[in-house]
$ cat start24.json   # JSON, C-alpha atoms
[["chain", "number", "residue", "atom", "x", "y", "z"],
["E", 361, "MET", "CA", 2.16, 42.59, -23.34],
["E", 362, "THR", "CA", -1.23, 40.95, -22.81],
["E", 363, "THR", "CA", -1.96, 37.95, -20.62],
["E", 364, "THR", "CA", -4.96, 35.72, -21.37],
["E", 365, "ILE", "CA", -6.21, 32.82, -19.25],
["E", 366, "LEU", "CA", -7.25, 29.96, -21.55],
["E", 367, "PRO", "CA", -9.13, 26.72, -20.72],
["E", 368, "HIS", "CA", -7.35, 23.64, -19.33],
["E", 369, "GLY", "CA", -4.74, 25.55, -17.35],
["E", 370, "LEU", "CA", -3.18, 27.28, -20.34],
["E", 371, "VAL", "CA", -1.99, 30.86, -20.07],
["E", 372, "LYS", "CA", -1.12, 33.00, -23.09],
["E", 373, "ILE", "CA", 1.51, 35.67, -22.40],
["E", 374, "GLY", "CA", 2.09, 37.72, -25.50],
["E", 375, "ALA", "CA", 2.76, 35.21, -28.29],
["E", 376, "MET", "CA", 3.77, 32.40, -25.89],
["E", 377, "THR", "CA", 1.30, 29.84, -24.48],
["E", 378, "ILE", "CA", 2.31, 27.88, -21.37],
["E", 379, "LEU", "CA", 0.69, 25.31, -19.13],
["E", 380, "ALA", "CA", 0.10, 26.72, -15.67],
["E", 381, "ALA", "CA", -0.51, 24.79, -12.47],
["E", 382, "VAL", "CA", -4.19, 25.12, -11.68],
["E", 383, "MET", "CA", -5.68, 24.42, -8.26],
["E", 384, "SER", "CA", -9.39, 23.90, -7.67],
["E", 385, "THR", "CA", -11.49, 22.98, -4.68],
["E", 386, "SER", "CA", -12.33, 19.66, -6.36],
["E", 387, "VAL", "CA", -8.76, 18.37, -6.00],
["E", 388, "ALA", "CA", -8.44, 15.82, -3.19],
["E", 389, "PHE", "CA", -5.05, 15.50, -1.56],
["E", 390, "SER", "CA", -4.07, 12.15, -0.11],
["E", 391, "ASP", "CA", -2.33, 11.33, 3.11],
["E", 392, "ASP", "CA", 1.09, 10.23, 1.83],
["E", 393, "ALA", "CA", 1.49, 7.49, 4.46],
["E", 394, "ALA", "CA", -1.94, 6.02, 3.71],
["E", 395, "THR", "CA", -1.26, 6.12, -0.03],
["E", 396, "LEU", "CA", 2.17, 4.56, 0.37],
["E", 397, "ALA", "CA", 1.08, 1.70, 2.70],
["E", 398, "PRO", "CA", -0.55, -0.61, 0.10],
["E", 399, "VAL", "CA", 2.38, -0.04, -2.26],
["E", 400, "GLU", "CA", 4.82, -1.12, 0.46],
["E", 401, "ARG", "CA", 2.72, -4.29, 0.99],
["E", 402, "PHE", "CA", 2.84, -4.85, -2.79],
["E", 403, "TYR", "CA", 6.65, -5.09, -2.62],
["E", 404, "GLU", "CA", 6.52, -7.26, 0.50],
["E", 405, "ALA", "CA", 4.48, -9.76, -1.55],
["E", 406, "PHE", "CA", 6.93, -9.49, -4.44],
["E", 407, "ASN", "CA", 9.99, -10.04, -2.24],
["E", 408, "SER", "CA", 8.42, -12.97, -0.41],
["E", 409, "GLN", "CA", 7.46, -14.52, -3.78],
["E", 410, "ASN", "CA", 3.91, -14.91, -2.46],
["E", 411, "PRO", "CA", 1.24, -13.46, -4.78],
["E", 412, "THR", "CA", -1.53, -14.49, -2.36],
["E", 413, "LEU", "CA", -0.35, -11.65, -0.09],
["E", 414, "LEU", "CA", -1.68, -9.30, -2.77],
["E", 415, "GLY", "CA", -5.27, -10.27, -1.88],
["E", 416, "ASP", "CA", -6.01, -7.25, 0.29],
["E", 417, "VAL", "CA", -3.58, -4.96, -1.55],
["E", 418, "LEU", "CA", -5.05, -5.09, -5.05],
["E", 419, "ALA", "CA", -8.50, -3.69, -5.79],
["E", 420, "PRO", "CA", -11.02, -6.13, -7.30],
["E", 421, "ASP", "CA", -10.82, -4.25, -10.61],
["E", 422, "PHE", "CA", -7.01, -3.92, -10.51],
["E", 423, "VAL", "CA", -5.30, -3.33, -13.88],
["E", 424, "VAL", "CA", -1.62, -3.90, -14.58],
["E", 425, "HIS", "CA", -0.58, -2.10, -17.74],
["E", 426, "GLY", "CA", 1.83, -3.79, -20.14],
["E", 427, "THR", "CA", 5.46, -2.70, -20.07],
["E", 428, "SER", "CA", 5.10, -1.65, -23.70],
["E", 429, "PRO", "CA", 2.21, -0.74, -25.99],
["E", 430, "SER", "CA", 2.52, -4.16, -27.65],
["E", 431, "LEU", "CA", 1.66, -6.00, -24.43],
["E", 432, "PRO", "CA", -1.94, -6.25, -23.25],
["E", 433, "ASP", "CA", -3.16, -4.97, -19.91],
["E", 434, "GLY", "CA", -3.80, -7.60, -17.26],
["E", 435, "ASN", "CA", -5.56, -8.15, -13.97],
["E", 436, "ALA", "CA", -4.51, -9.48, -10.56],
["E", 437, "ALA", "CA", -4.36, -13.06, -11.89],
["E", 438, "ALA", "CA", -2.02, -12.01, -14.70],
["E", 439, "LEU", "CA", 0.21, -10.19, -12.21],
["E", 440, "GLY", "CA", 0.26, -13.31, -9.98],
["E", 441, "GLN", "CA", 1.29, -15.45, -12.96],
["E", 442, "ALA", "CA", 4.11, -13.03, -13.78],
["E", 443, "PHE", "CA", 5.24, -13.16, -10.13],
["E", 444, "GLN", "CA", 5.31, -16.96, -10.20],
["E", 445, "ALA", "CA", 7.14, -17.13, -13.55],
["E", 446, "PHE", "CA", 9.81, -14.76, -12.30],
["E", 447, "ALA", "CA", 10.07, -16.59, -8.97],
["E", 448, "GLY", "CA", 10.63, -19.85, -10.86],
["E", 449, "GLY", "CA", 13.64, -18.38, -12.65],
["E", 450, "VAL", "CA", 15.02, -16.21, -9.85],
["E", 451, "PRO", "CA", 13.79, -17.65, -6.53],
["E", 452, "ASP", "CA", 15.87, -15.26, -4.39],
["E", 453, "LEU", "CA", 14.45, -12.24, -6.21],
["E", 454, "ASN", "CA", 14.50, -9.01, -4.23],
["E", 455, "TYR", "CA", 13.18, -5.55, -5.12],
["E", 456, "GLU", "CA", 15.08, -2.91, -3.17],
["E", 457, "ILE", "CA", 13.15, 0.34, -3.03],
["E", 458, "LEU", "CA", 15.60, 3.18, -3.62],
["E", 459, "SER", "CA", 13.09, 6.02, -3.59],
["E", 460, "THR", "CA", 9.37, 6.72, -3.60],
["E", 461, "HIS", "CA", 7.41, 9.77, -4.60],
["E", 462, "VAL", "CA", 3.77, 10.26, -3.66],
["E", 463, "SER", "CA", 1.71, 12.72, -5.68],
["E", 464, "GLY", "CA", -1.99, 12.64, -4.96],
["E", 465, "ASP", "CA", -3.15, 9.05, -5.51],
["E", 466, "PHE", "CA", 0.00, 8.05, -7.41],
["E", 467, "VAL", "CA", 3.14, 6.46, -5.99],
["E", 468, "THR", "CA", 6.27, 6.25, -8.12],
["E", 469, "VAL", "CA", 8.83, 3.70, -6.98],
["E", 470, "ARG", "CA", 12.43, 3.53, -8.23],
["E", 471, "GLY", "CA", 14.28, 0.38, -7.33],
["E", 472, "THR", "CA", 16.86, -2.26, -8.04],
["E", 473, "VAL", "CA", 15.97, -5.91, -8.62],
["E", 474, "THR", "CA", 18.56, -8.53, -7.66],
["E", 475, "GLY", "CA", 18.68, -12.30, -7.54],
["E", 476, "THR", "CA", 20.25, -15.45, -8.97],
["E", 477, "HIS", "CA", 19.10, -17.05, -12.22],
["E", 478, "THR", "CA", 18.67, -20.65, -11.02],
["E", 479, "GLY", "CA", 15.61, -21.70, -13.05],
["E", 480, "PRO", "CA", 14.13, -21.19, -16.52],
["E", 481, "LEU", "CA", 13.35, -17.55, -17.28],
["E", 482, "PHE", "CA", 12.09, -16.03, -20.55],
["E", 483, "GLY", "CA", 12.92, -19.32, -22.26],
["E", 484, "MET", "CA", 16.50, -19.34, -20.97],
["E", 485, "PRO", "CA", 17.72, -22.29, -18.90],
["E", 486, "ALA", "CA", 19.29, -21.56, -15.52],
["E", 487, "THR", "CA", 22.76, -20.02, -15.66],
["E", 488, "GLY", "CA", 23.51, -19.53, -11.96],
["E", 489, "THR", "CA", 24.28, -15.89, -12.79],
["E", 490, "LYS", "CA", 23.60, -13.09, -10.33],
["E", 491, "VAL", "CA", 21.35, -10.46, -11.89],
["E", 492, "GLU", "CA", 20.86, -6.82, -11.00],
["E", 493, "PHE", "CA", 18.74, -4.36, -12.95],
["E", 494, "GLY", "CA", 16.69, -1.24, -12.43],
["E", 495, "ALA", "CA", 12.94, -0.74, -12.40],
["E", 496, "ILE", "CA", 10.51, 2.13, -12.15],
["E", 497, "ASP", "CA", 6.91, 1.47, -11.21],
["E", 498, "ILE", "CA", 3.92, 3.75, -10.89],
["E", 499, "HIS", "CA", 0.93, 2.72, -8.81],
["E", 500, "ARG", "CA", -2.45, 4.42, -8.43],
["E", 501, "VAL", "CA", -4.05, 3.93, -5.02],
["E", 502, "ALA", "CA", -7.72, 4.38, -4.08],
["E", 503, "ASP", "CA", -9.48, 3.42, -0.86],
["E", 504, "GLY", "CA", -6.35, 1.78, 0.55],
["E", 505, "GLN", "CA", -5.77, -0.53, -2.43],
["E", 506, "VAL", "CA", -3.64, -0.46, -5.57],
["E", 507, "VAL", "CA", -6.04, -0.03, -8.50],
["E", 508, "GLU", "CA", -3.55, 0.39, -11.36],
["E", 509, "SER", "CA", 0.15, -0.29, -11.90],
["E", 510, "TRP", "CA", 2.63, 0.48, -14.65],
["E", 511, "HIS", "CA", 5.97, -1.36, -14.58],
["E", 512, "VAL", "CA", 9.13, -0.59, -16.54],
["E", 513, "GLU", "CA", 11.96, -3.01, -15.84],
["E", 514, "ASP", "CA", 15.38, -2.95, -17.48],
["E", 515, "PHE", "CA", 15.01, -6.50, -18.77],
["E", 516, "ALA", "CA", 17.61, -5.85, -21.48],
["E", 517, "THR", "CA", 20.29, -5.55, -18.79],
["E", 518, "MET", "CA", 19.06, -8.74, -17.11],
["E", 519, "LEU", "CA", 19.00, -10.62, -20.43],
["E", 520, "ARG", "CA", 22.58, -9.50, -21.13],
["E", 521, "GLN", "CA", 23.62, -10.72, -17.69],
["E", 522, "ILE", "CA", 22.20, -14.22, -18.30],
["E", 523, "GLY", "CA", 23.63, -14.39, -21.85],
["E", 524, "ALA", "CA", 20.35, -14.09, -23.76],
["E", 525, "LEU", "CA", 21.48, -10.83, -25.40],
["E", 526, "PRO", "CA", 24.96, -9.80, -26.49],
["E", 527, "SER", "CA", 26.85, -7.43, -24.22],
["E", 528, "GLY", "CA", 26.52, -3.81, -25.25],
["E", 529, "ASN", "CA", 28.90, -0.93, -24.82]]

$ encode --input "start24.json" --output "structure tokens"
Amino acid sequence: MTTTILPHGLVKIGAMTILAAVMSTSVAFSDDAATLAPVERFYEAFNSQNPTLLGDVLAPDFVVHGTSPSLPDGNAAALGQAFQAFAGGVPDLNYEILSTHVSGDFVTVRGTVTGTHTGPLFGMPATGTKVEFGAIDIHRVADGQVVESWHVEDFATMLRQIGALPSGN
């Protein structure tokens, strides 16, 4: 059986081609605590419902990617507007971090969002309903600031809880 090293980390063993982990001297490894620190401050701002606390956390060229391909990317102002809209509908909003994973400059956060729907949210009037739904976020950190974020929230569960979508089995 022959083994051939191909470009881009691919290795061909016989008829099978696989992706191999490739290390090079150009890879920079981050200090996990330093990479995690601005992400923790990000969630402090979220939980305090105070987007101005993001001032030193978000890089000047920060990009928040839409939660689906149909939504446009945004900047820090767009993220602040989303914070305020959510805070208007769920003023006791809390993001509980369940786990984090740091890999290089990326931090993945898995959490649970809780609160009470006491104001308008996504066009729905207040219901007084407690909400709880999951979220997974990925943040890229550079020079002590968050430069990019991707957010995936289980809004379908939240919308079911406030009666905007039918209950599913």

$ atom_distance --input "start24.json" --atom1 "atom CA of E:Arg500" --atom2 "atom CA of E:Phe515"
23.0 Å

$ atom_distance --input "start24.json" --atom1 "atom CA of E:Leu453" --atom2 "atom CA of E:Tyr403"
11.2 Å

$ atom_distance --input "start24.json" --atom1 "atom CA of E:Phe493" --atom2 "atom CA of E:Gly475"
9.6 Å

$ closest_atom_pairs --input "start24.json" --of "stretch 496-521 of chain E" --to "stretch 423-432 of chain E" --cutoff "8 Å" --atoms "all atoms listed in the file" --output "Markdown table"
| residue | atom | partner | partner_atom | distance |
| --- | --- | --- | --- | --- |
| E:Val507 | CA | E:Val423 | CA | 6.4 |
| E:Glu508 | CA | E:Val423 | CA | 4.8 |
| E:Ser509 | CA | E:Val424 | CA | 4.8 |
| E:Trp510 | CA | E:His425 | CA | 5.1 |
| E:His511 | CA | E:Thr427 | CA | 5.7 |
| E:Val512 | CA | E:Thr427 | CA | 5.5 |
| E:Glu513 | CA | E:Thr427 | CA | 7.8 |

$ write_last_selection --input "start24.json" --atoms "C-alpha atoms" --output "PDB file, in the frame of the given file"
ATOM      1  CA  VAL E 507      -6.040  -0.030  -8.500  1.00  0.00           C
ATOM      2  CA  GLU E 508      -3.550   0.390 -11.360  1.00  0.00           C
ATOM      3  CA  SER E 509       0.150  -0.290 -11.900  1.00  0.00           C
ATOM      4  CA  TRP E 510       2.630   0.480 -14.650  1.00  0.00           C
ATOM      5  CA  HIS E 511       5.970  -1.360 -14.580  1.00  0.00           C
ATOM      6  CA  VAL E 512       9.130  -0.590 -16.540  1.00  0.00           C
ATOM      7  CA  GLU E 513      11.960  -3.010 -15.840  1.00  0.00           C
TER       8      GLU E 513
END

$ closest_residue --input "start24.json" --among "E:Val467, E:Met484, E:Ala524, E:Ala502" --to "E:Val450" --atoms "all atoms listed in the file"
E:Met484

$ residues_around --input "start24.json" --residues "E:Gly528" --least-positions-apart "3" --cutoff "12 Å" --atoms "all atoms listed in the file" --output "NGL selection string"
:E and (516-517 or 519-521 or 523 or 525)

$ closest_residue --input "start24.json" --among "E:Asp421, E:Asp416, E:Asp514, E:Glu400" --to "E:Glu492" --atoms "only C-alpha atoms"
E:Asp514

$ residues_around --input "start24.json" --residues "E:Gly448" --least-positions-apart "3" --cutoff "9 Å" --atoms "only C-alpha atoms" --output "VMD selection string"
chain E and resid 443 to 445 451 478 to 481

$ residues_near_point --input "start24.json" --point "(24.1, -12.2, -12.9)" --cutoff "9 Å" --atoms "all atoms listed in the file" --output "list in words"
Thr474, Gly475, Thr476, His477, Thr487, Gly488, Thr489, Lys490, Val491, Glu492, Met518, Arg520, Gln521 and Ile522 of chain E

$ closest_residue --input "start24.json" --among "E:Gln505, E:Asn435, E:Ser463, E:Gln441" --to "E:Val399" --atoms "only C-alpha atoms"
E:Gln505

$ closest_residue --input "start24.json" --among "E:Gly504, E:Gly440, E:Gly483, E:Gly494" --to "E:Tyr455" --atoms "all atoms listed in the file"
E:Gly494

$ closest_residue --input "start24.json" --among "E:Ile457, E:Asp497, E:Val506, E:Pro526" --to "E:Val417" --atoms "all atoms listed in the file"
E:Val506

$ build_atoms --input "start24.json" --residues "stretch 488-504 of chain E" --atoms "N, CA and C atoms" --output "short mmCIF file (atom, residue, chain, number, x, y, z; two decimals), in the frame of the given file"
data_model
loop_
_atom_site.label_atom_id
_atom_site.label_comp_id
_atom_site.auth_asym_id
_atom_site.auth_seq_id
_atom_site.Cartn_x
_atom_site.Cartn_y
_atom_site.Cartn_z
N GLY E 488 22.84 -19.75 -13.24
CA GLY E 488 23.51 -19.53 -11.96
C GLY E 488 24.07 -18.12 -11.82
N THR E 489 23.75 -17.25 -12.76
CA THR E 489 24.28 -15.89 -12.79
C THR E 489 23.50 -14.98 -11.85
N LYS E 490 24.23 -14.15 -11.13
CA LYS E 490 23.60 -13.09 -10.33
C LYS E 490 23.12 -12.02 -11.30
N VAL E 491 21.90 -11.53 -11.06
CA VAL E 491 21.35 -10.46 -11.89
C VAL E 491 21.07 -9.24 -11.02
N GLU E 492 21.18 -8.08 -11.66
CA GLU E 492 20.86 -6.82 -11.00
C GLU E 492 20.45 -5.84 -12.09
N PHE E 493 19.23 -5.30 -11.95
CA PHE E 493 18.74 -4.36 -12.95
C PHE E 493 17.75 -3.40 -12.31
N GLY E 494 17.55 -2.28 -12.96
CA GLY E 494 16.69 -1.24 -12.43
C GLY E 494 15.24 -1.40 -12.85
N ALA E 495 14.37 -0.74 -12.09
CA ALA E 495 12.94 -0.74 -12.40
C ALA E 495 12.32 0.55 -11.88
N ILE E 496 11.32 0.99 -12.59
CA ILE E 496 10.51 2.13 -12.15
C ILE E 496 9.06 1.71 -12.29
N ASP E 497 8.31 1.85 -11.22
CA ASP E 497 6.91 1.47 -11.21
C ASP E 497 6.08 2.66 -10.77
N ILE E 498 4.88 2.74 -11.31
CA ILE E 498 3.92 3.75 -10.89
C ILE E 498 2.65 3.02 -10.49
N HIS E 499 2.14 3.35 -9.32
CA HIS E 499 0.93 2.72 -8.81
C HIS E 499 -0.10 3.81 -8.50
N ARG E 500 -1.37 3.53 -8.83
CA ARG E 500 -2.45 4.42 -8.43
C ARG E 500 -3.21 3.73 -7.31
N VAL E 501 -3.43 4.47 -6.23
CA VAL E 501 -4.05 3.93 -5.02
C VAL E 501 -5.39 4.62 -4.80
N ALA E 502 -6.41 3.84 -4.44
CA ALA E 502 -7.72 4.38 -4.08
C ALA E 502 -8.30 3.50 -2.97
N ASP E 503 -8.84 4.12 -1.97
CA ASP E 503 -9.48 3.42 -0.86
C ASP E 503 -8.57 2.35 -0.25
N GLY E 504 -7.29 2.67 -0.12
CA GLY E 504 -6.35 1.78 0.55
C GLY E 504 -5.90 0.58 -0.27
#
